[in-house]
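Next comes input.tsv, a file with TSV, C-alpha atoms.
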chain	number	residue	atom	x	y	z
A	3	MET	CA	-19.40	-10.42	10.23
A	4	ALA	CA	-16.17	-8.89	8.92
A	5	GLU	CA	-14.51	-12.31	8.65
A	6	PRO	CA	-16.38	-13.74	5.61
A	7	CYS	CA	-16.46	-10.21	4.14
A	8	ALA	CA	-12.67	-10.09	4.08
A	9	LEU	CA	-12.38	-13.44	2.32
A	10	VAL	CA	-14.96	-12.55	-0.33
A	11	ALA	CA	-13.46	-9.08	-0.86
A	12	LEU	CA	-10.01	-10.63	-1.34
A	13	ALA	CA	-11.45	-13.13	-3.85
A	14	LEU	CA	-13.27	-10.42	-5.80
A	15	ASP	CA	-10.17	-8.27	-5.96
A	16	ALA	CA	-7.95	-11.15	-7.08
A	17	ALA	CA	-10.42	-12.14	-9.79
A	18	LEU	CA	-11.43	-8.71	-11.08
A	19	GLY	CA	-9.19	-5.99	-9.67
A	20	TRP	CA	-10.92	-2.64	-10.15
A	21	PRO	CA	-12.22	-2.90	-13.74
A	22	ASP	CA	-11.38	-0.10	-16.16
A	23	GLY	CA	-15.05	0.26	-17.04
A	24	LEU	CA	-15.95	0.96	-13.43
A	25	TYR	CA	-13.05	3.35	-13.08
A	26	ARG	CA	-14.13	5.33	-16.14
A	27	ARG	CA	-17.74	5.49	-14.95
A	28	ILE	CA	-17.40	6.19	-11.22
A	29	GLY	CA	-13.68	6.58	-10.55
A	30	HIS	CA	-12.32	5.11	-7.33
A	31	PRO	CA	-13.13	6.03	-3.71
A	32	VAL	CA	-9.49	6.99	-3.11
A	33	GLY	CA	-9.99	9.78	-5.66
A	34	LEU	CA	-12.61	11.33	-3.34
A	35	PHE	CA	-10.18	11.18	-0.43
A	36	ALA	CA	-7.54	12.85	-2.59
A	37	ARG	CA	-9.89	15.70	-3.50
A	38	ILE	CA	-10.76	16.35	0.16
A	39	ILE	CA	-7.10	16.28	1.21
A	40	GLY	CA	-6.06	18.47	-1.71
A	41	ALA	CA	-8.76	21.04	-0.95
A	42	CYS	CA	-7.74	21.27	2.72
A	43	GLU	CA	-4.05	21.47	1.84
A	44	GLY	CA	-4.62	24.22	-0.71
A	45	ARG	CA	-6.73	26.28	1.68
A	46	TRP	CA	-4.89	25.75	4.97
A	47	ASN	CA	-1.25	24.90	4.24
A	48	ARG	CA	-0.22	28.47	3.46
A	49	PRO	CA	3.49	29.40	3.78
A	50	GLU	CA	2.65	32.61	5.67
A	51	ARG	CA	1.20	30.57	8.54
A	52	SER	CA	3.47	29.47	11.38
A	53	PHE	CA	4.80	25.93	11.68
A	54	GLY	CA	2.55	25.27	14.68
A	55	ALA	CA	-0.56	26.59	12.94
A	56	ARG	CA	0.07	24.46	9.86
A	57	ARG	CA	0.62	21.38	12.03
A	58	ALA	CA	-2.65	22.05	13.88
A	59	LEU	CA	-4.52	22.49	10.60
A	60	GLY	CA	-2.98	19.25	9.32
A	61	VAL	CA	-4.33	17.50	12.42
A	62	LEU	CA	-7.74	19.06	11.73
A	63	THR	CA	-7.61	17.85	8.12
A	64	LEU	CA	-6.93	14.30	9.28
A	65	LEU	CA	-9.71	14.43	11.88
A	66	LEU	CA	-12.22	15.70	9.33
A	67	LEU	CA	-11.23	12.95	6.92
A	68	LEU	CA	-11.52	10.28	9.61
A	69	ALA	CA	-14.89	11.58	10.80
A	70	LEU	CA	-16.29	11.58	7.28
A	71	VAL	CA	-14.92	8.21	6.17
A	72	GLY	CA	-15.31	6.38	9.48
A	73	SER	CA	-18.90	7.51	10.08
A	74	THR	CA	-19.93	6.80	6.48
A	75	GLY	CA	-18.44	3.31	6.66
A	76	TRP	CA	-20.07	2.57	10.01
A	77	ILE	CA	-23.51	3.83	8.95
A	78	ALA	CA	-23.36	1.91	5.66
A	79	GLN	CA	-22.37	-1.29	7.46
A	80	GLN	CA	-25.17	-0.97	10.04
A	81	LEU	CA	-27.81	-0.22	7.40
A	82	LEU	CA	-26.75	-3.16	5.25
A	83	LEU	CA	-26.82	-5.58	8.16
A	84	GLN	CA	-30.14	-4.21	9.34
A	85	HIS	CA	-31.98	-4.24	6.03
A	86	LEU	CA	-30.40	-7.19	4.22
A	87	GLY	CA	-30.22	-9.59	7.14
A	88	GLY	CA	-28.15	-12.65	6.34
A	89	TRP	CA	-27.07	-11.18	2.99
A	90	GLY	CA	-25.67	-8.00	4.56
A	91	TRP	CA	-22.18	-9.43	4.83
A	92	LEU	CA	-22.05	-9.97	1.05
A	93	ALA	CA	-22.99	-6.33	0.40
A	94	ILE	CA	-20.29	-5.24	2.86
A	95	ALA	CA	-17.76	-7.39	0.97
A	96	LEU	CA	-18.73	-5.63	-2.28
A	97	LEU	CA	-18.14	-2.22	-0.66
A	98	ALA	CA	-14.82	-3.37	0.84
A	99	TRP	CA	-13.56	-4.86	-2.44
A	100	PRO	CA	-12.17	-1.56	-3.89
A	101	ALA	CA	-10.05	-1.04	-0.74
A	102	LEU	CA	-7.80	-3.92	-1.84
A	103	ALA	CA	-5.22	-3.89	-4.62
A	104	GLN	CA	-3.95	-7.45	-5.12
A	105	ARG	CA	-4.77	-7.67	-8.83
A	106	SER	CA	-3.89	-4.06	-9.61
A	107	LEU	CA	-0.46	-4.37	-8.03
A	108	TYR	CA	0.31	-7.57	-9.93
A	109	ASP	CA	-0.93	-6.08	-13.19
A	110	HIS	CA	1.26	-2.98	-12.76
A	111	VAL	CA	4.47	-4.85	-11.92
A	112	ARG	CA	4.24	-7.60	-14.54
A	113	PRO	CA	4.71	-5.23	-17.55
A	114	VAL	CA	8.06	-4.14	-16.09
A	115	ALA	CA	9.30	-7.74	-16.19
A	116	ARG	CA	7.92	-8.22	-19.69
A	117	ALA	CA	9.61	-5.09	-21.06
A	118	LEU	CA	12.97	-6.04	-19.52
A	119	ALA	CA	12.69	-9.58	-20.87
A	120	GLU	CA	12.14	-8.11	-24.36
A	121	GLY	CA	15.16	-5.83	-23.97
A	122	ASP	CA	13.02	-2.68	-24.10
A	123	LEU	CA	14.58	-0.58	-21.34
A	124	PRO	CA	12.69	2.66	-22.18
A	125	ALA	CA	9.36	0.81	-21.92
A	126	ALA	CA	10.49	-0.76	-18.65
A	127	ARG	CA	11.41	2.67	-17.26
A	128	GLU	CA	8.02	4.02	-18.31
A	129	ALA	CA	6.20	1.08	-16.71
A	130	VAL	CA	8.07	1.28	-13.42
A	131	GLY	CA	7.62	5.06	-13.38
A	132	ARG	CA	3.88	4.46	-12.94
A	133	ILE	CA	4.41	2.71	-9.60
A	134	VAL	CA	7.39	4.46	-7.97
A	135	GLY	CA	8.14	8.03	-6.96
A	136	ARG	CA	11.88	8.02	-7.69
A	137	ASP	CA	13.56	9.32	-10.84
A	138	THR	CA	13.51	6.58	-13.48
A	139	ALA	CA	14.94	8.21	-16.63
A	140	ALA	CA	18.53	7.18	-15.86
A	141	LEU	CA	17.88	3.77	-14.29
A	142	ASP	CA	19.68	0.82	-15.82
A	143	GLU	CA	18.09	-2.62	-16.09
A	144	ALA	CA	19.07	-3.60	-12.55
A	145	GLY	CA	17.79	-0.30	-11.15
A	146	VAL	CA	14.44	-0.72	-12.88
A	147	ALA	CA	14.09	-4.29	-11.63
A	148	ARG	CA	14.99	-3.39	-8.05
A	149	ALA	CA	12.53	-0.46	-8.10
A	150	ALA	CA	9.71	-2.75	-9.26
A	151	ILE	CA	10.51	-5.38	-6.62
A	152	GLU	CA	10.75	-2.79	-3.83
A	153	SER	CA	7.41	-1.28	-4.83
A	154	LEU	CA	5.81	-4.74	-4.96
A	155	ALA	CA	7.04	-5.60	-1.46
A	156	GLU	CA	6.06	-2.29	0.15
A	157	SER	CA	2.70	-2.12	-1.62
A	158	PHE	CA	1.90	-5.66	-0.50
A	159	CYS	CA	1.52	-4.12	2.95
A	160	ASP	CA	-0.16	-0.83	1.98
A	161	GLY	CA	-2.45	-2.21	-0.71
A	162	VAL	CA	-3.28	-5.71	0.48
A	163	VAL	CA	-2.38	-6.78	4.00
A	164	ALA	CA	-3.17	-3.56	5.87
A	165	PRO	CA	-6.66	-2.95	4.43
A	166	ALA	CA	-7.50	-6.66	4.86
A	167	PHE	CA	-6.20	-6.56	8.45
A	168	TRP	CA	-8.33	-3.55	9.36
A	169	LEU	CA	-11.32	-5.04	7.54
A	170	LEU	CA	-10.99	-8.19	9.64
A	171	LEU	CA	-10.59	-6.17	12.82
A	172	LEU	CA	-13.12	-3.35	12.40
A	173	GLY	CA	-15.18	-4.15	9.32
A	174	LEU	CA	-16.00	-1.69	6.57
A	175	PRO	CA	-15.13	1.49	8.54
A	176	GLY	CA	-11.76	-0.05	9.46
A	177	ALA	CA	-10.74	-0.81	5.88
A	178	TRP	CA	-11.77	2.55	4.46
A	179	THR	CA	-10.42	4.59	7.37
A	180	TYR	CA	-7.06	2.93	6.77
A	181	LYS	CA	-7.23	3.75	3.04
A	182	ALA	CA	-8.06	7.39	3.83
A	183	ILE	CA	-5.07	7.72	6.16
A	184	ASN	CA	-2.77	5.94	3.72
A	185	THR	CA	-3.91	8.28	0.93
A	186	ALA	CA	-3.24	11.31	3.13
A	187	ASP	CA	0.24	10.00	3.94
A	188	SER	CA	1.06	9.46	0.26
A	189	MET	CA	-0.08	12.99	-0.60
A	190	ILE	CA	1.11	15.15	2.30
A	191	GLY	CA	3.05	12.93	4.70
A	192	HIS	CA	6.46	14.01	3.35
A	193	ARG	CA	9.52	15.55	4.98
A	194	GLU	CA	9.98	18.36	2.46
A	195	ALA	CA	9.49	21.86	3.83
A	196	ARG	CA	6.07	22.31	2.21
A	197	TRP	CA	4.52	19.30	3.97
A	198	ARG	CA	6.63	18.73	7.07
A	199	ALA	CA	4.20	20.51	9.40
A	200	PHE	CA	0.89	20.02	7.62
A	201	GLY	CA	1.42	16.32	6.88
A	202	TRP	CA	2.90	15.38	10.26
A	203	ALA	CA	-0.32	13.91	11.67
A	204	SER	CA	-1.07	11.91	8.52
A	205	ALA	CA	2.43	10.41	8.44
A	206	ARG	CA	2.35	9.44	12.13
A	207	ALA	CA	-1.15	7.95	11.83
A	208	ASP	CA	-0.08	5.88	8.81
A	209	ASP	CA	2.99	4.65	10.71
A	210	LEU	CA	0.77	3.57	13.60
A	211	LEU	CA	-1.83	1.75	11.49
A	212	ASN	CA	0.89	-0.13	9.56
A	213	LEU	CA	2.87	-1.37	12.56
A	214	VAL	CA	1.19	-4.79	12.70
A	215	PRO	CA	0.39	-5.20	8.97
A	216	ALA	CA	3.99	-4.46	7.93
A	217	ARG	CA	5.33	-7.19	10.17
A	218	LEU	CA	2.61	-9.58	9.09
A	219	SER	CA	3.49	-8.80	5.46
A	220	ALA	CA	7.12	-9.68	6.11
A	221	LEU	CA	6.11	-12.94	7.79
A	222	LEU	CA	3.89	-13.93	4.85
A	223	LEU	CA	6.60	-13.10	2.28
A	224	CYS	CA	9.22	-15.16	4.12
A	225	LEU	CA	6.81	-18.07	4.43
A	226	ALA	CA	5.84	-17.88	0.76
A	227	GLY	CA	9.48	-17.52	-0.30
A	228	ARG	CA	10.70	-20.19	2.14
A	229	GLY	CA	13.49	-18.10	3.56
A	230	GLY	CA	14.80	-14.60	4.06
A	231	TRP	CA	14.53	-14.64	7.85
A	232	ARG	CA	18.13	-13.63	8.56
A	233	THR	CA	17.93	-10.64	6.23
A	234	LEU	CA	14.55	-9.68	7.70
A	235	TRP	CA	15.79	-9.52	11.31
A	236	ARG	CA	19.04	-7.79	10.38
A	237	ASP	CA	17.90	-5.21	7.80
A	238	ALA	CA	14.25	-4.38	8.55
A	239	GLY	CA	15.45	-1.21	10.28
A	240	ASN	CA	17.50	-0.02	7.26
A	241	HIS	CA	14.69	2.25	6.08
A	242	ALA	CA	13.52	5.73	7.00
A	243	SER	CA	10.04	4.33	7.57
A	244	PRO	CA	9.45	2.21	10.70
A	245	ASN	CA	7.39	-0.17	8.57
A	246	ALA	CA	8.44	-0.23	4.90
A	247	GLY	CA	11.74	-1.95	5.66
A	248	TRP	CA	10.00	-5.08	6.91
A	249	PRO	CA	8.42	-6.35	3.66
A	250	GLU	CA	11.38	-5.03	1.64
A	251	ALA	CA	13.87	-6.93	3.81
A	252	ALA	CA	11.76	-10.06	3.60
A	253	MET	CA	11.64	-9.84	-0.20
A	254	ALA	CA	15.37	-9.08	-0.46
A	255	GLY	CA	16.18	-12.09	1.69
A	256	THR	CA	13.96	-14.54	-0.16
A	257	LEU	CA	15.30	-13.43	-3.55
A	258	GLY	CA	18.95	-13.14	-2.48
A	259	LEU	CA	19.11	-9.50	-3.63
A	260	ARG	CA	20.21	-6.12	-2.40
A	261	LEU	CA	17.36	-3.61	-2.50
A	262	ALA	CA	17.03	0.12	-1.72
A	263	GLY	CA	20.46	1.80	-1.61
A	264	PRO	CA	21.17	5.22	-3.23
A	265	ILE	CA	18.03	6.60	-4.92
A	266	ALA	CA	17.40	9.84	-6.83
A	267	TYR	CA	14.31	11.94	-6.19
A	268	ASP	CA	13.64	15.14	-8.15
A	269	GLY	CA	17.21	15.21	-9.40
A	270	THR	CA	18.79	14.79	-5.96
A	271	MET	CA	20.61	11.59	-4.99
A	272	HIS	CA	19.78	10.22	-1.52
A	273	ASP	CA	22.36	7.91	-0.01
A	274	LYS	CA	20.03	5.33	1.54
A	275	PRO	CA	21.39	2.13	3.12
A	276	TRP	CA	21.13	-1.17	1.31
A	277	ILE	CA	18.63	-3.81	2.41
A	278	GLY	CA	19.98	-7.33	1.93
A	279	ASP	CA	23.48	-8.53	1.10
A	280	GLY	CA	22.89	-10.49	-2.11
A	281	ARG	CA	23.17	-9.51	-5.76
A	282	SER	CA	22.38	-5.99	-6.92
A	283	ASP	CA	22.14	-6.94	-10.61
A	284	ALA	CA	18.43	-7.80	-10.59
A	285	GLY	CA	16.60	-8.54	-13.84
A	286	SER	CA	13.30	-9.61	-15.33
A	287	GLU	CA	13.53	-13.12	-13.91
A	288	ASP	CA	13.91	-11.69	-10.39
A	289	ILE	CA	10.72	-9.67	-10.87
A	290	ARG	CA	8.92	-12.83	-11.99
A	291	ARG	CA	10.17	-14.67	-8.91
A	292	ALA	CA	9.05	-11.75	-6.73
A	293	LEU	CA	5.57	-11.90	-8.32
A	294	HIS	CA	5.45	-15.64	-7.63
A	295	ILE	CA	6.32	-15.04	-3.97
A	296	TYR	CA	3.78	-12.22	-3.83
A	297	ALA	CA	1.03	-14.49	-5.16
A	298	GLY	CA	1.93	-17.12	-2.58
A	299	ALA	CA	1.83	-14.55	0.21
A	300	CYS	CA	-1.62	-13.41	-0.97
A	301	LEU	CA	-2.82	-17.02	-0.81
A	302	LEU	CA	-1.54	-17.29	2.74
A	303	LEU	CA	-3.49	-14.13	3.59
A	304	TRP	CA	-6.60	-15.79	2.13
A	305	LEU	CA	-5.98	-18.78	4.42
A	306	ILE	CA	-5.77	-16.48	7.42
A	307	ALA	CA	-9.02	-14.72	6.48
A	308	GLY	CA	-10.73	-18.06	5.85
A	309	SER	CA	-9.46	-19.55	9.10
A	310	VAL	CA	-10.66	-16.58	11.11
A	311	ALA	CA	-14.07	-16.75	9.39
A	312	TRP	CA	-14.37	-20.47	10.10
A	313	ALA	CA	-13.27	-20.09	13.73
A	314	LEU	CA	-15.64	-17.22	14.51
Take the structure from the file and write it as structure tokens.
Amino acid sequence: MAEPCALVALALDAALGWPDGLYRRIGHPVGLFARIIGACEGRWNRPERSFGARRALGVLTLLLLLALVGSTGWIAQQLLLQHLGGWGWLAIALLAWPALAQRSLYDHVRPVARALAEGDLPAAREAVGRIVGRDTAALDEAGVARAAIESLAESFCDGVVAPAFWLLLLGLPGAWTYKAINTADSMIGHREARWRAFGWASARADDLLNLVPARLSALLLCLAGRGGWRTLWRDAGNHASPNAGWPEAAMAGTLGLRLAGPIAYDGTMHDKPWIGDGRSDAGSEDIRRALHIYAGACLLLWLIAGSVAWAL
């Protein structure tokens, strides 16, 4: 039953995104996850506690989140199938729709390209600052463009392929359990001293759940971009994450760019390796090409979801 749900959820997200009116009225489910994680972190991640105690409490936080989200998703799915019969799958698709971010990601990256094309670097920095965690105030045009392209590639996995993959595999509880873990990783799964112990479980769980989707994302981007394979195989490991380097390397290869490299966070420069061996002087046209490849990769994902639905 998850197979047609995934296809319909992808179509709804591509057509509508998550409308501003809905967001203003009811927010977004990820906001609930964030409040739960934030409450646990504020109560349990105290500096006076030992490293081991904070790690154990981080594990407990993740387990509580998974129990709440997974059980709610499973119960909702069973009730819908039981009471709505043949229409239950459509209701499940509606509940899975907010777990995807195809339209939102496109709509957040496109303004960066537009601002750069108009020569408005401050506006481009502001726009890219909404989608990346690095320092953006001193980025030049090429730095802004590379940041937008890197975020597009990595978020293709986190925001589109991974939730669709887990929706296909495990239905509604699969999609929303993934989103809960991914939210926890983005909030507490960091290596800084404050979160290293408490966020350990969330970071490792996110790494595990993205192993297959990250590689599938890279495959789809190379197919949509008709190339990039050599860069993918060579540079996918040039990233601190075991997964993020795959879609980034695929995008770098298809565009003929160098991505990643030295990046500043909170005023500190981090000497990260480059991904790709092409140009580093990216611009607005490269972002537009990346968006075109992204759209093609999303269409390929639709074909996969449709093929699985037809076959099963």
Subject >> Residues within 7 Å of Glu250 of chain A, all atoms listed in the file, excluding chain neighbours under 3 positions, as a list of chain:residue names >> reply: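 The filter keeps A:Glu152, A:Ala155, A:Glu156, A:Ala246, A:Gly247, A:Met253, A:Ala254.
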For the residues in that selection, give me C-alpha atoms as a tab-separated table (two decimals), in the coordinates of the input.
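Okay, this is what ended up in out-v7.tsv:
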chain	number	residue	atom	x	y	z
A	152	GLU	CA	10.75	-2.79	-3.83
A	155	ALA	CA	7.04	-5.60	-1.46
A	156	GLU	CA	6.06	-2.29	0.15
A	246	ALA	CA	8.44	-0.23	4.90
A	247	GLY	CA	11.74	-1.95	5.66
A	253	MET	CA	11.64	-9.84	-0.20
A	254	ALA	CA	15.37	-9.08	-0.46
Subject >> Distance criterion (all atoms listed in the file): nearest to Pro165 of chain A out of A:Asn212, A:Ser106, A:Ser282, A:Thr256 >> reply: A:Asn212
How big is the axis-aligned box, and where does its centre sit, when it encloses all atoms of segment 261-277 of chain A listed in the file and has 6 Å added on every side, reported in Å to one decimal as lines of an AutoDock Vina configuration file?
center_x = 18.0
center_y = 5.7
center_z = -3.1
size_x = 20.7
size_y = 31.0
size_z = 24.5
Original post:
Of the candidates A:Leu293, A:Ala129, A:Leu302, A:Ala177, which shows the shortest atom-to-atom distance to Ile151 of chain A, using only C-alpha atoms?
Top reply: A:Leu293
**OP:** Rank A:Leu96, A:Leu172, A:Leu9, A:Ala17 by their smallest atom-to-atom distance to Trp76 of chain A, using all atoms listed in the file, and report the top residue only.
**Re:**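 Of A:Leu96, A:Leu172, A:Leu9, A:Ala17, the one nearest Trp76 of chain A is A:Leu172, counting all atoms listed in the file.
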Original post:
Which residue out of A:Gly239, A:Gly201, A:Gly88, A:Pro244 has the minimum interatomic distance to Leu59 of chain A when all atoms listed in the file are used?
Top reply: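 Ranking A:Gly239, A:Gly201, A:Gly88, A:Pro244 by distance to Leu59 of chain A, first place goes to A:Gly201.
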Subject >> Pick from A:Trp99, A:Trp197, A:Trp304, A:Trp20 nearest to Gly173 of chain A, counting only C-alpha atoms >> reply: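 Smallest distance to Gly173 of chain A is found for A:Trp99.
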Subject >> Long-range neighbours of Ala16 of chain A as a PyMOL selection string, 6 Å cut-off, all atoms listed in the file, 2 positions minimum in chain >> reply: chain A and resi 13-14+18-19+104-105
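Taking atom CA of Arg232 of chain A and atom CA of Met271 of chain A as the two end points, the separation is 28.7 Å.
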